[in-house]
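Below is final-v4.json, which holds JSON, C-alpha atoms.
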```
[["chain", "number", "residue", "atom", "x", "y", "z"],
["A", 1, "MET", "CA", 197.29, 45.53, 99.15],
["A", 2, "VAL", "CA", 200.12, 44.37, 96.87],
["A", 3, "VAL", "CA", 201.10, 40.79, 96.20],
["A", 4, "VAL", "CA", 204.48, 39.56, 97.41],
["A", 5, "LEU", "CA", 205.37, 37.78, 94.18],
["A", 6, "ASP", "CA", 206.16, 40.07, 91.26],
["A", 7, "THR", "CA", 204.81, 38.41, 88.12],
["A", 8, "VAL", "CA", 204.88, 41.47, 85.88],
["A", 9, "ASN", "CA", 207.84, 40.12, 83.91],
["A", 10, "GLY", "CA", 206.44, 36.63, 83.39],
["A", 11, "PRO", "CA", 206.80, 33.24, 85.04],
["A", 12, "ASP", "CA", 210.58, 33.57, 85.58],
["A", 13, "ALA", "CA", 210.27, 36.72, 87.67],
["A", 14, "ARG", "CA", 211.80, 36.47, 91.13],
["A", 15, "PRO", "CA", 209.82, 37.13, 94.29],
["A", 16, "ARG", "CA", 209.65, 40.81, 95.15],
["A", 17, "HIS", "CA", 210.21, 39.94, 98.80],
["A", 18, "PRO", "CA", 211.97, 36.54, 98.96],
["A", 19, "GLU", "CA", 212.56, 36.95, 102.69],
["A", 20, "LYS", "CA", 208.81, 37.44, 103.28],
["A", 21, "ALA", "CA", 207.35, 35.00, 100.75],
["A", 22, "HIS", "CA", 207.11, 32.05, 103.15],
["A", 23, "ARG", "CA", 205.90, 33.97, 106.19],
["A", 24, "PRO", "CA", 202.40, 33.17, 107.45],
["A", 25, "ASP", "CA", 199.82, 35.78, 106.56],
["A", 26, "ALA", "CA", 199.55, 38.52, 109.18],
["A", 27, "PRO", "CA", 196.13, 39.86, 110.17],
["A", 28, "ALA", "CA", 194.93, 42.98, 108.36],
["A", 29, "LEU", "CA", 192.83, 45.54, 110.19],
["A", 30, "LYS", "CA", 190.02, 47.32, 108.38],
["A", 31, "LYS", "CA", 191.01, 50.87, 107.53],
["A", 32, "PRO", "CA", 189.07, 53.55, 109.36],
["A", 33, "ASP", "CA", 186.94, 56.14, 107.60],
["A", 34, "TRP", "CA", 189.57, 58.88, 107.99],
["A", 35, "ILE", "CA", 192.05, 57.12, 105.67],
["A", 36, "ARG", "CA", 190.96, 57.92, 102.14],
["A", 37, "VAL", "CA", 193.13, 58.54, 99.07],
["A", 38, "LYS", "CA", 192.50, 59.63, 95.49],
["A", 39, "ALA", "CA", 192.80, 57.02, 92.76],
["A", 40, "PRO", "CA", 195.69, 57.82, 90.38],
["A", 41, "VAL", "CA", 193.70, 58.50, 87.21],
["A", 42, "SER", "CA", 194.32, 62.17, 86.31],
["A", 43, "ASN", "CA", 196.05, 63.54, 83.22],
["A", 44, "GLY", "CA", 198.73, 65.05, 85.45],
["A", 45, "TYR", "CA", 199.42, 61.63, 86.96],
["A", 46, "ALA", "CA", 199.81, 60.12, 83.50],
["A", 47, "ALA", "CA", 202.14, 62.92, 82.39],
["A", 48, "THR", "CA", 204.38, 62.43, 85.44],
["A", 49, "ARG", "CA", 204.42, 58.66, 84.93],
["A", 50, "ASP", "CA", 205.42, 59.10, 81.28],
["A", 51, "ILE", "CA", 208.34, 61.40, 82.17],
["A", 52, "VAL", "CA", 209.58, 58.98, 84.83],
["A", 53, "ARG", "CA", 209.32, 56.05, 82.41],
["A", 54, "ALA", "CA", 210.99, 57.91, 79.54],
["A", 55, "HIS", "CA", 214.08, 58.53, 81.69],
["A", 56, "GLY", "CA", 214.26, 54.98, 83.03],
["A", 57, "LEU", "CA", 213.92, 56.16, 86.63],
["A", 58, "HIS", "CA", 212.47, 54.70, 89.79],
["A", 59, "THR", "CA", 210.34, 56.51, 92.35],
["A", 60, "VAL", "CA", 209.67, 55.66, 95.97],
["A", 61, "CYS", "CA", 206.08, 56.68, 95.22],
["A", 62, "GLU", "CA", 205.64, 53.48, 93.20],
["A", 63, "GLU", "CA", 208.16, 51.13, 94.78],
["A", 64, "ALA", "CA", 207.00, 51.74, 98.35],
["A", 65, "GLY", "CA", 203.31, 51.87, 97.41],
["A", 66, "CYS", "CA", 202.79, 55.42, 98.73],
["A", 67, "PRO", "CA", 199.09, 56.19, 99.29],
["A", 68, "ASN", "CA", 199.60, 59.79, 98.13],
["A", 69, "ILE", "CA", 200.86, 58.97, 94.64],
["A", 70, "GLY", "CA", 197.64, 60.10, 92.92],
["A", 71, "GLU", "CA", 197.64, 63.50, 94.62],
["A", 72, "CYS", "CA", 201.37, 64.14, 94.20],
["A", 73, "TRP", "CA", 201.78, 62.97, 90.63],
["A", 74, "GLU", "CA", 198.74, 64.97, 89.57],
["A", 75, "LYS", "CA", 200.82, 68.01, 90.57],
["A", 76, "LYS", "CA", 203.94, 66.53, 88.88],
["A", 77, "HIS", "CA", 205.62, 66.00, 92.26],
["A", 78, "ALA", "CA", 207.65, 62.79, 92.22],
["A", 79, "THR", "CA", 210.24, 61.50, 94.69],
["A", 80, "PHE", "CA", 213.12, 59.92, 92.80],
["A", 81, "MET", "CA", 214.67, 56.73, 94.14],
["A", 82, "ILE", "CA", 218.25, 56.43, 92.94],
["A", 83, "MET", "CA", 220.68, 53.48, 92.77],
["A", 84, "GLY", "CA", 218.12, 51.01, 91.47],
["A", 85, "ASP", "CA", 214.91, 49.45, 92.71],
["A", 86, "THR", "CA", 216.44, 46.64, 94.82],
["A", 87, "CYS", "CA", 217.38, 47.13, 98.48],
["A", 88, "THR", "CA", 219.97, 45.17, 100.47],
["A", 89, "ARG", "CA", 217.81, 45.43, 103.60],
["A", 90, "ALA", "CA", 214.60, 43.57, 104.40],
["A", 91, "CYS", "CA", 212.63, 45.84, 106.72],
["A", 92, "ALA", "CA", 209.37, 44.27, 107.82],
["A", 93, "PHE", "CA", 207.28, 47.34, 106.94],
["A", 94, "CYS", "CA", 208.73, 48.14, 103.52],
["A", 95, "ASN", "CA", 207.42, 47.27, 100.07],
["A", 96, "VAL", "CA", 210.66, 48.02, 98.18],
["A", 97, "LYS", "CA", 212.13, 44.94, 96.50],
["A", 98, "THR", "CA", 214.83, 43.03, 98.42],
["A", 99, "GLY", "CA", 217.85, 41.35, 96.86],
["A", 100, "LEU", "CA", 221.30, 41.93, 95.42],
["A", 101, "PRO", "CA", 221.28, 45.25, 93.52],
["A", 102, "GLY", "CA", 222.93, 45.81, 90.17],
["A", 103, "ALA", "CA", 225.75, 48.17, 89.31],
["A", 104, "LEU", "CA", 225.23, 51.91, 89.61],
["A", 105, "ASP", "CA", 224.16, 53.69, 86.43],
["A", 106, "PRO", "CA", 226.68, 56.46, 85.71],
["A", 107, "HIS", "CA", 224.06, 58.27, 83.60],
["A", 108, "GLU", "CA", 221.44, 58.32, 86.35],
["A", 109, "PRO", "CA", 222.41, 61.75, 87.77],
["A", 110, "ALA", "CA", 221.89, 63.37, 84.36],
["A", 111, "HIS", "CA", 218.62, 61.50, 83.81],
["A", 112, "VAL", "CA", 217.28, 62.62, 87.19],
["A", 113, "ALA", "CA", 218.24, 66.23, 86.45],
["A", 114, "ASP", "CA", 216.57, 66.11, 83.02],
["A", 115, "ALA", "CA", 213.36, 64.67, 84.50],
["A", 116, "ILE", "CA", 213.27, 67.37, 87.18],
["A", 117, "ALA", "CA", 213.66, 70.04, 84.51],
["A", 118, "LYS", "CA", 210.80, 68.57, 82.44],
["A", 119, "LEU", "CA", 208.56, 68.33, 85.49],
["A", 120, "GLY", "CA", 209.41, 71.93, 86.40],
["A", 121, "LEU", "CA", 209.99, 71.10, 90.06],
["A", 122, "ALA", "CA", 210.80, 73.96, 92.42],
["A", 123, "HIS", "CA", 211.67, 71.47, 95.16],
["A", 124, "VAL", "CA", 212.69, 67.84, 94.73],
["A", 125, "VAL", "CA", 213.13, 64.91, 97.12],
["A", 126, "ILE", "CA", 215.79, 62.36, 96.19],
["A", 127, "THR", "CA", 215.94, 59.10, 98.12],
["A", 128, "SER", "CA", 217.51, 55.70, 97.57],
["A", 129, "VAL", "CA", 217.47, 52.05, 98.43],
["A", 130, "ASP", "CA", 219.98, 50.87, 101.02],
["A", 131, "ARG", "CA", 223.23, 49.90, 99.29],
["A", 132, "ASP", "CA", 225.18, 48.01, 101.93],
["A", 133, "ASP", "CA", 227.13, 46.40, 99.06],
["A", 134, "LEU", "CA", 228.87, 49.70, 98.22],
["A", 135, "ALA", "CA", 231.96, 50.89, 100.11],
["A", 136, "ASP", "CA", 230.40, 54.32, 100.75],
["A", 137, "GLY", "CA", 226.77, 53.18, 100.85],
["A", 138, "GLY", "CA", 226.12, 55.25, 97.72],
["A", 139, "ALA", "CA", 227.11, 58.60, 99.25],
["A", 140, "ALA", "CA", 229.18, 59.65, 96.22],
["A", 141, "HIS", "CA", 226.25, 58.83, 93.94],
["A", 142, "PHE", "CA", 223.99, 61.05, 96.04],
["A", 143, "ALA", "CA", 226.56, 63.84, 95.66],
["A", 144, "ALA", "CA", 226.71, 63.30, 91.89],
["A", 145, "VAL", "CA", 222.92, 63.53, 91.60],
["A", 146, "ILE", "CA", 222.87, 66.73, 93.66],
["A", 147, "ALA", "CA", 225.58, 68.24, 91.43],
["A", 148, "ALA", "CA", 223.72, 67.27, 88.25],
["A", 149, "VAL", "CA", 220.47, 68.80, 89.51],
["A", 150, "ARG", "CA", 222.28, 71.98, 90.58],
["A", 151, "GLY", "CA", 223.79, 72.28, 87.11],
["A", 152, "ARG", "CA", 220.58, 71.60, 85.19],
["A", 153, "CYS", "CA", 218.06, 73.25, 87.56],
["A", 154, "PRO", "CA", 219.91, 75.84, 89.65],
["A", 155, "ALA", "CA", 216.72, 77.29, 91.15],
["A", 156, "THR", "CA", 215.42, 73.92, 92.38],
["A", 157, "THR", "CA", 215.88, 73.24, 96.09],
["A", 158, "ILE", "CA", 217.02, 69.73, 96.94],
["A", 159, "GLU", "CA", 216.00, 67.45, 99.77],
["A", 160, "VAL", "CA", 217.83, 64.16, 100.23],
["A", 161, "LEU", "CA", 216.28, 61.26, 102.12],
["A", 162, "THR", "CA", 219.22, 58.98, 102.80],
["A", 163, "PRO", "CA", 219.77, 55.51, 104.21],
["A", 164, "ASP", "CA", 221.63, 55.25, 107.51],
["A", 165, "PHE", "CA", 225.11, 54.63, 105.99],
["A", 166, "LEU", "CA", 225.72, 52.08, 108.74],
["A", 167, "ARG", "CA", 229.44, 51.20, 108.94],
["A", 168, "LYS", "CA", 230.19, 53.58, 106.03],
["A", 169, "ASP", "CA", 232.71, 56.00, 107.53],
["A", 170, "GLY", "CA", 232.84, 59.36, 105.76],
["A", 171, "ALA", "CA", 229.52, 58.91, 103.91],
["A", 172, "ALA", "CA", 227.71, 61.70, 105.74],
["A", 173, "GLU", "CA", 230.55, 64.10, 104.96],
["A", 174, "ILE", "CA", 230.31, 63.31, 101.24],
["A", 175, "VAL", "CA", 226.55, 63.99, 101.06],
["A", 176, "VAL", "CA", 226.73, 67.15, 103.20],
["A", 177, "ALA", "CA", 229.58, 68.46, 101.02],
["A", 178, "GLY", "CA", 227.15, 68.30, 98.07],
["A", 179, "ARG", "CA", 225.15, 71.01, 99.87],
["A", 180, "PRO", "CA", 221.55, 69.79, 99.70],
["A", 181, "ASP", "CA", 218.98, 72.12, 101.24],
["A", 182, "VAL", "CA", 217.45, 69.45, 103.51],
["A", 183, "PHE", "CA", 219.03, 66.27, 104.89],
["A", 184, "ASN", "CA", 216.36, 63.74, 105.83],
["A", 185, "HIS", "CA", 216.90, 60.36, 107.43],
["A", 186, "ASN", "CA", 213.93, 58.53, 108.89],
["A", 187, "LEU", "CA", 214.05, 56.69, 112.21],
["A", 188, "GLU", "CA", 210.87, 54.88, 111.07],
["A", 189, "THR", "CA", 209.86, 53.62, 114.53],
["A", 190, "VAL", "CA", 210.69, 53.68, 118.24],
["A", 191, "PRO", "CA", 213.80, 51.80, 119.46],
["A", 192, "SER", "CA", 211.89, 48.93, 121.08],
["A", 193, "ARG", "CA", 210.41, 47.99, 117.67],
["A", 194, "TYR", "CA", 213.69, 47.95, 115.71],
["A", 195, "LEU", "CA", 214.37, 44.23, 116.12],
["A", 196, "THR", "CA", 211.10, 43.27, 114.43],
["A", 197, "VAL", "CA", 210.45, 46.30, 112.20],
["A", 198, "ARG", "CA", 213.90, 47.51, 111.12],
["A", 199, "PRO", "CA", 216.31, 44.69, 112.04],
["A", 200, "GLY", "CA", 219.19, 45.77, 109.80],
["A", 201, "ALA", "CA", 219.38, 49.25, 111.35],
["A", 202, "ARG", "CA", 220.51, 50.68, 114.69],
["A", 203, "TYR", "CA", 218.42, 53.38, 116.35],
["A", 204, "PHE", "CA", 221.23, 55.30, 118.02],
["A", 205, "HIS", "CA", 223.36, 55.17, 114.90],
["A", 206, "SER", "CA", 220.54, 56.91, 113.03],
["A", 207, "ILE", "CA", 220.29, 59.54, 115.78],
["A", 208, "ARG", "CA", 224.05, 60.05, 115.59],
["A", 209, "LEU", "CA", 223.90, 60.42, 111.79],
["A", 210, "LEU", "CA", 221.41, 63.28, 112.09],
["A", 211, "GLN", "CA", 223.48, 64.90, 114.83],
["A", 212, "GLN", "CA", 226.63, 64.57, 112.74],
["A", 213, "VAL", "CA", 224.99, 66.27, 109.76],
["A", 214, "LYS", "CA", 224.09, 69.24, 111.96],
["A", 215, "GLU", "CA", 227.66, 69.39, 113.26],
["A", 216, "LEU", "CA", 229.04, 69.37, 109.72],
["A", 217, "ASP", "CA", 226.73, 72.18, 108.54],
["A", 218, "PRO", "CA", 224.62, 73.91, 111.21],
["A", 219, "ARG", "CA", 222.68, 75.81, 108.52],
["A", 220, "LEU", "CA", 221.52, 72.63, 106.79],
["A", 221, "PHE", "CA", 217.93, 71.72, 107.66],
["A", 222, "THR", "CA", 217.60, 68.23, 109.12],
["A", 223, "LYS", "CA", 214.47, 66.13, 109.10],
["A", 224, "SER", "CA", 213.30, 62.74, 110.31],
["A", 225, "GLY", "CA", 210.10, 60.75, 110.51],
["A", 226, "ILE", "CA", 208.43, 57.82, 112.19],
["A", 227, "MET", "CA", 205.40, 55.65, 111.57],
["A", 228, "VAL", "CA", 202.86, 54.93, 114.28],
["A", 229, "GLY", "CA", 200.57, 51.94, 114.58],
["A", 230, "LEU", "CA", 203.43, 49.42, 114.82],
["A", 231, "GLY", "CA", 202.89, 48.57, 118.46],
["A", 232, "GLU", "CA", 204.72, 51.51, 120.01],
["A", 233, "ALA", "CA", 203.65, 53.16, 123.27],
["A", 234, "ARG", "CA", 202.85, 56.87, 123.47],
["A", 235, "ASN", "CA", 205.69, 57.59, 125.88],
["A", 236, "GLU", "CA", 208.11, 55.96, 123.42],
["A", 237, "VAL", "CA", 207.03, 58.39, 120.70],
["A", 238, "LEU", "CA", 207.63, 61.30, 123.07],
["A", 239, "GLN", "CA", 211.10, 59.94, 123.88],
["A", 240, "VAL", "CA", 211.90, 59.79, 120.15],
["A", 241, "MET", "CA", 210.97, 63.47, 119.94],
["A", 242, "ASP", "CA", 213.42, 64.25, 122.76],
["A", 243, "ASP", "CA", 216.17, 62.21, 121.10],
["A", 244, "LEU", "CA", 215.68, 64.05, 117.81],
["A", 245, "ARG", "CA", 215.69, 67.45, 119.50],
["A", 246, "SER", "CA", 218.93, 66.47, 121.27],
["A", 247, "ALA", "CA", 220.35, 65.97, 117.76],
["A", 248, "GLU", "CA", 218.95, 69.41, 116.78],
["A", 249, "VAL", "CA", 216.62, 67.99, 114.14],
["A", 250, "ASP", "CA", 214.40, 70.73, 112.69],
["A", 251, "PHE", "CA", 211.48, 68.88, 111.11],
["A", 252, "LEU", "CA", 209.51, 65.86, 112.34],
["A", 253, "THR", "CA", 206.98, 63.83, 110.35],
["A", 254, "ILE", "CA", 204.62, 61.28, 111.91],
["A", 255, "GLY", "CA", 202.37, 59.11, 109.76],
["A", 256, "GLN", "CA", 200.20, 56.02, 110.06],
["A", 257, "TYR", "CA", 201.83, 52.72, 109.09],
["A", 258, "LEU", "CA", 199.86, 50.96, 106.36],
["A", 259, "GLN", "CA", 200.55, 47.28, 105.75],
["A", 260, "PRO", "CA", 201.64, 46.68, 102.11],
["A", 261, "SER", "CA", 200.64, 43.00, 102.17],
["A", 262, "ARG", "CA", 199.72, 40.23, 104.60],
["A", 263, "LYS", "CA", 203.38, 39.13, 104.53],
["A", 264, "HIS", "CA", 204.49, 42.47, 106.00],
["A", 265, "HIS", "CA", 204.39, 43.60, 109.61],
["A", 266, "PRO", "CA", 200.77, 43.87, 110.76],
["A", 267, "VAL", "CA", 199.14, 47.16, 111.72],
["A", 268, "ALA", "CA", 198.80, 47.08, 115.51],
["A", 269, "CYS", "CA", 196.28, 49.94, 115.56],
["A", 270, "PHE", "CA", 195.06, 52.94, 113.62],
["A", 271, "VAL", "CA", 195.97, 56.12, 115.46],
["A", 272, "THR", "CA", 193.09, 58.60, 115.68],
["A", 273, "LEU", "CA", 193.12, 62.12, 114.26],
["A", 274, "GLU", "CA", 192.99, 63.48, 117.82],
["A", 275, "GLU", "CA", 196.11, 61.54, 118.77],
["A", 276, "PHE", "CA", 197.97, 62.86, 115.72],
["A", 277, "LYS", "CA", 197.00, 66.40, 116.67],
["A", 278, "ALA", "CA", 198.25, 65.83, 120.22],
["A", 279, "TYR", "CA", 201.60, 64.56, 118.88],
["A", 280, "GLU", "CA", 201.88, 67.66, 116.69],
["A", 281, "THR", "CA", 201.18, 70.01, 119.60],
["A", 282, "ILE", "CA", 203.72, 68.27, 121.85],
["A", 283, "ALA", "CA", 206.39, 68.21, 119.13],
["A", 284, "TYR", "CA", 206.08, 71.95, 118.55],
["A", 285, "ALA", "CA", 206.32, 72.49, 122.31],
["A", 286, "LYS", "CA", 209.57, 70.49, 122.31],
["A", 287, "GLY", "CA", 211.10, 72.92, 119.82],
["A", 288, "PHE", "CA", 210.76, 71.50, 116.31],
["A", 289, "LEU", "CA", 210.58, 74.18, 113.62],
["A", 290, "MET", "CA", 208.14, 72.10, 111.58],
["A", 291, "VAL", "CA", 205.87, 69.17, 112.38],
["A", 292, "SER", "CA", 203.64, 67.20, 110.04],
["A", 293, "ALA", "CA", 201.50, 64.62, 111.84],
["A", 294, "SER", "CA", 198.51, 62.95, 110.19],
["A", 295, "PRO", "CA", 197.50, 59.47, 108.99],
["A", 296, "LEU", "CA", 198.72, 60.10, 105.43],
["A", 297, "THR", "CA", 201.81, 62.12, 106.30],
["A", 298, "ARG", "CA", 204.86, 60.80, 104.46],
["A", 299, "SER", "CA", 208.40, 62.19, 104.27],
["A", 300, "SER", "CA", 208.04, 63.72, 100.85],
["A", 301, "HIS", "CA", 204.33, 64.60, 100.93],
["A", 302, "HIS", "CA", 203.94, 68.38, 100.41],
["A", 303, "ALA", "CA", 207.74, 68.64, 100.73],
["A", 304, "GLY", "CA", 207.97, 71.83, 98.67],
["A", 305, "GLU", "CA", 205.34, 73.72, 100.64],
["A", 306, "ASP", "CA", 206.80, 72.41, 103.89],
["A", 307, "PHE", "CA", 210.29, 73.56, 102.93],
["A", 308, "ALA", "CA", 209.03, 77.10, 102.37],
["A", 309, "ARG", "CA", 207.34, 77.03, 105.80],
["A", 310, "LEU", "CA", 210.50, 75.58, 107.35],
["A", 311, "ARG", "CA", 212.63, 78.45, 106.07],
["A", 312, "ALA", "CA", 210.07, 80.98, 107.25],
["A", 313, "ALA", "CA", 209.95, 79.38, 110.70],
["A", 314, "ARG", "CA", 213.72, 79.58, 111.09],
["A", 315, "ASP", "CA", 213.81, 83.17, 109.86],
["A", 316, "ALA", "CA", 211.15, 84.07, 112.43],
["A", 317, "ARG", "CA", 213.38, 82.71, 115.22],
["A", 318, "LEU", "CA", 216.49, 84.63, 114.14]]
```

Show me, as structure tokens, the structure contained in the file I just sent.
Amino acid sequence: MVVVLDTVNGPDARPRHPEKAHRPDAPALKKPDWIRVKAPVSNGYAATRDIVRAHGLHTVCEEAGCPNIGECWEKKHATFMIMGDTCTRACAFCNVKTGLPGALDPHEPAHVADAIAKLGLAHVVITSVDRDDLADGGAAHFAAVIAAVRGRCPATTIEVLTPDFLRKDGAAEIVVAGRPDVFNHNLETVPSRYLTVRPGARYFHSIRLLQQVKELDPRLFTKSGIMVGLGEARNEVLQVMDDLRSAEVDFLTIGQYLQPSRKHHPVACFVTLEEFKAYETIAYAKGFLMVSASPLTRSSHHAGEDFARLRAARDARL
């Protein structure tokens, strides 16, 4: 688990999660045997870390404490987090720093493109913090990053994992106009858990965002994901599947929520491997082109291989 106070920069460093710092410690369940990850110690991991550092970039792999960082970075697969490392939201599950973000870096699109070229990525996932302080929520910056990557790495396919752009009219149109290959926006949890897990967001707005993207460009793959183990009921997960299919979402990911610290939302339960398999079977039956459901499934885990399978699945239906 991480600590809530970030003391890396010395005694004057601000709390990483000021809104969580004074919460009472939540209980922490013992992880089951089926949740095991590789320690990030390989040469490939170090090489990826050095490239990220050299370009002054942030990754959701580090900021969100992803359990798959050792595996992914060993293969030089990194998910870039643009627009800084500080989020304007304070979701109860998330380990990304909360606060007032700084100004956008106009050189960031070029730096991301250069890093992707050095890593030799065939497929890249680009995400961001929430930027409620910006008039467009950062949509134009997403478009600028996509354009820079297209110019520097024309063969690389691009997946964007965006915030919800709540109350940011026209934002979806700007990102879709940049022509990414996959538009991902995560619901994160079932609607009944939003007030405690994702209080700054609105479930049906997120559904509408995904539907709108499909209306703007029917050929654009859409994707969304949820975490389980937050206190949701099984029938609520199945209803989320139906809501996403109503929005014509192509790809669903379901992963186990892991508590970053005792100040974060507690894990209500660890979902068994058999339950994950059942969710996968049901989701395919409901019409998703691709489903990834396992304890360590995350939005960008195996994203390149999954994108190839996603294209093949759609081609098979045509």

Distance of CA of Arg131 in chain A from CA of Ala201 in chain A, expressed in Å to one decimal place: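 Distance between the two atoms: 12.7 Å.
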
Who sits within 12 Å of Asp33 in chain A, all atoms listed in the file, same chain under 6 positions skipped, as a list in words: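 Surrounding residues, per the criterion: Phe270, Val271, Thr272, Leu273 and Pro295 of chain A.
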
Interatomic distance, CA of Trp73 in chain A to CA of His107 in chain A (Å, one decimal):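 Going from CA of Trp73 in chain A over to CA of His107 in chain A covers 23.8 Å.
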
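Among the candidates A:Val197, A:Ala54, A:Val60, A:Leu289, the residue lying nearest to Ala316 in chain A is A:Leu289 (atoms considered: all atoms listed in the file).
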
Pairwise distance for CA of Ser246 in chain A and CA of Cys91 in chain A, rounded to one decimal in Å: 26.0 Å

Within 12 Å of file point (213.8, 48.7, 107.2), counting all atoms listed in the file, expressed as a PyMOL selection string: chain A and resi 64+87-98+129-130+163-164+186-189+193-203+226-227+264-265

For Ala28 in chain A: contacts at 10 Å, all atoms listed in the file, fewer than 3 positions along chain excluded, given as a ChimeraX atom specification: /A:1,25,31,258-262,264-268

Write a file of the just-selected residues containing C-alpha atoms, as a compact mmCIF listing (two decimals), in the coordinates of the input.
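Wrote it out as selection19.txt, contents follow:
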```
# COMPACT_ATOMS: atom_id res chain seq x y z
CA MET A 1 197.29 45.53 99.15
CA ASP A 25 199.82 35.78 106.56
CA LYS A 31 191.01 50.87 107.53
CA LEU A 258 199.86 50.96 106.36
CA GLN A 259 200.55 47.28 105.75
CA PRO A 260 201.64 46.68 102.11
CA SER A 261 200.64 43.00 102.17
CA ARG A 262 199.72 40.23 104.60
CA HIS A 264 204.49 42.47 106.00
CA HIS A 265 204.39 43.60 109.61
CA PRO A 266 200.77 43.87 110.76
CA VAL A 267 199.14 47.16 111.72
CA ALA A 268 198.80 47.08 115.51
```

Nearest to Asp133 in chain A by atom-to-atom distance, counting all atoms listed in the file, from A:Pro106, A:Gly56, A:Pro101, A:Gly151: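 Of A:Pro106, A:Gly56, A:Pro101, A:Gly151, the one nearest Asp133 in chain A, counting all atoms listed in the file, is A:Pro101.
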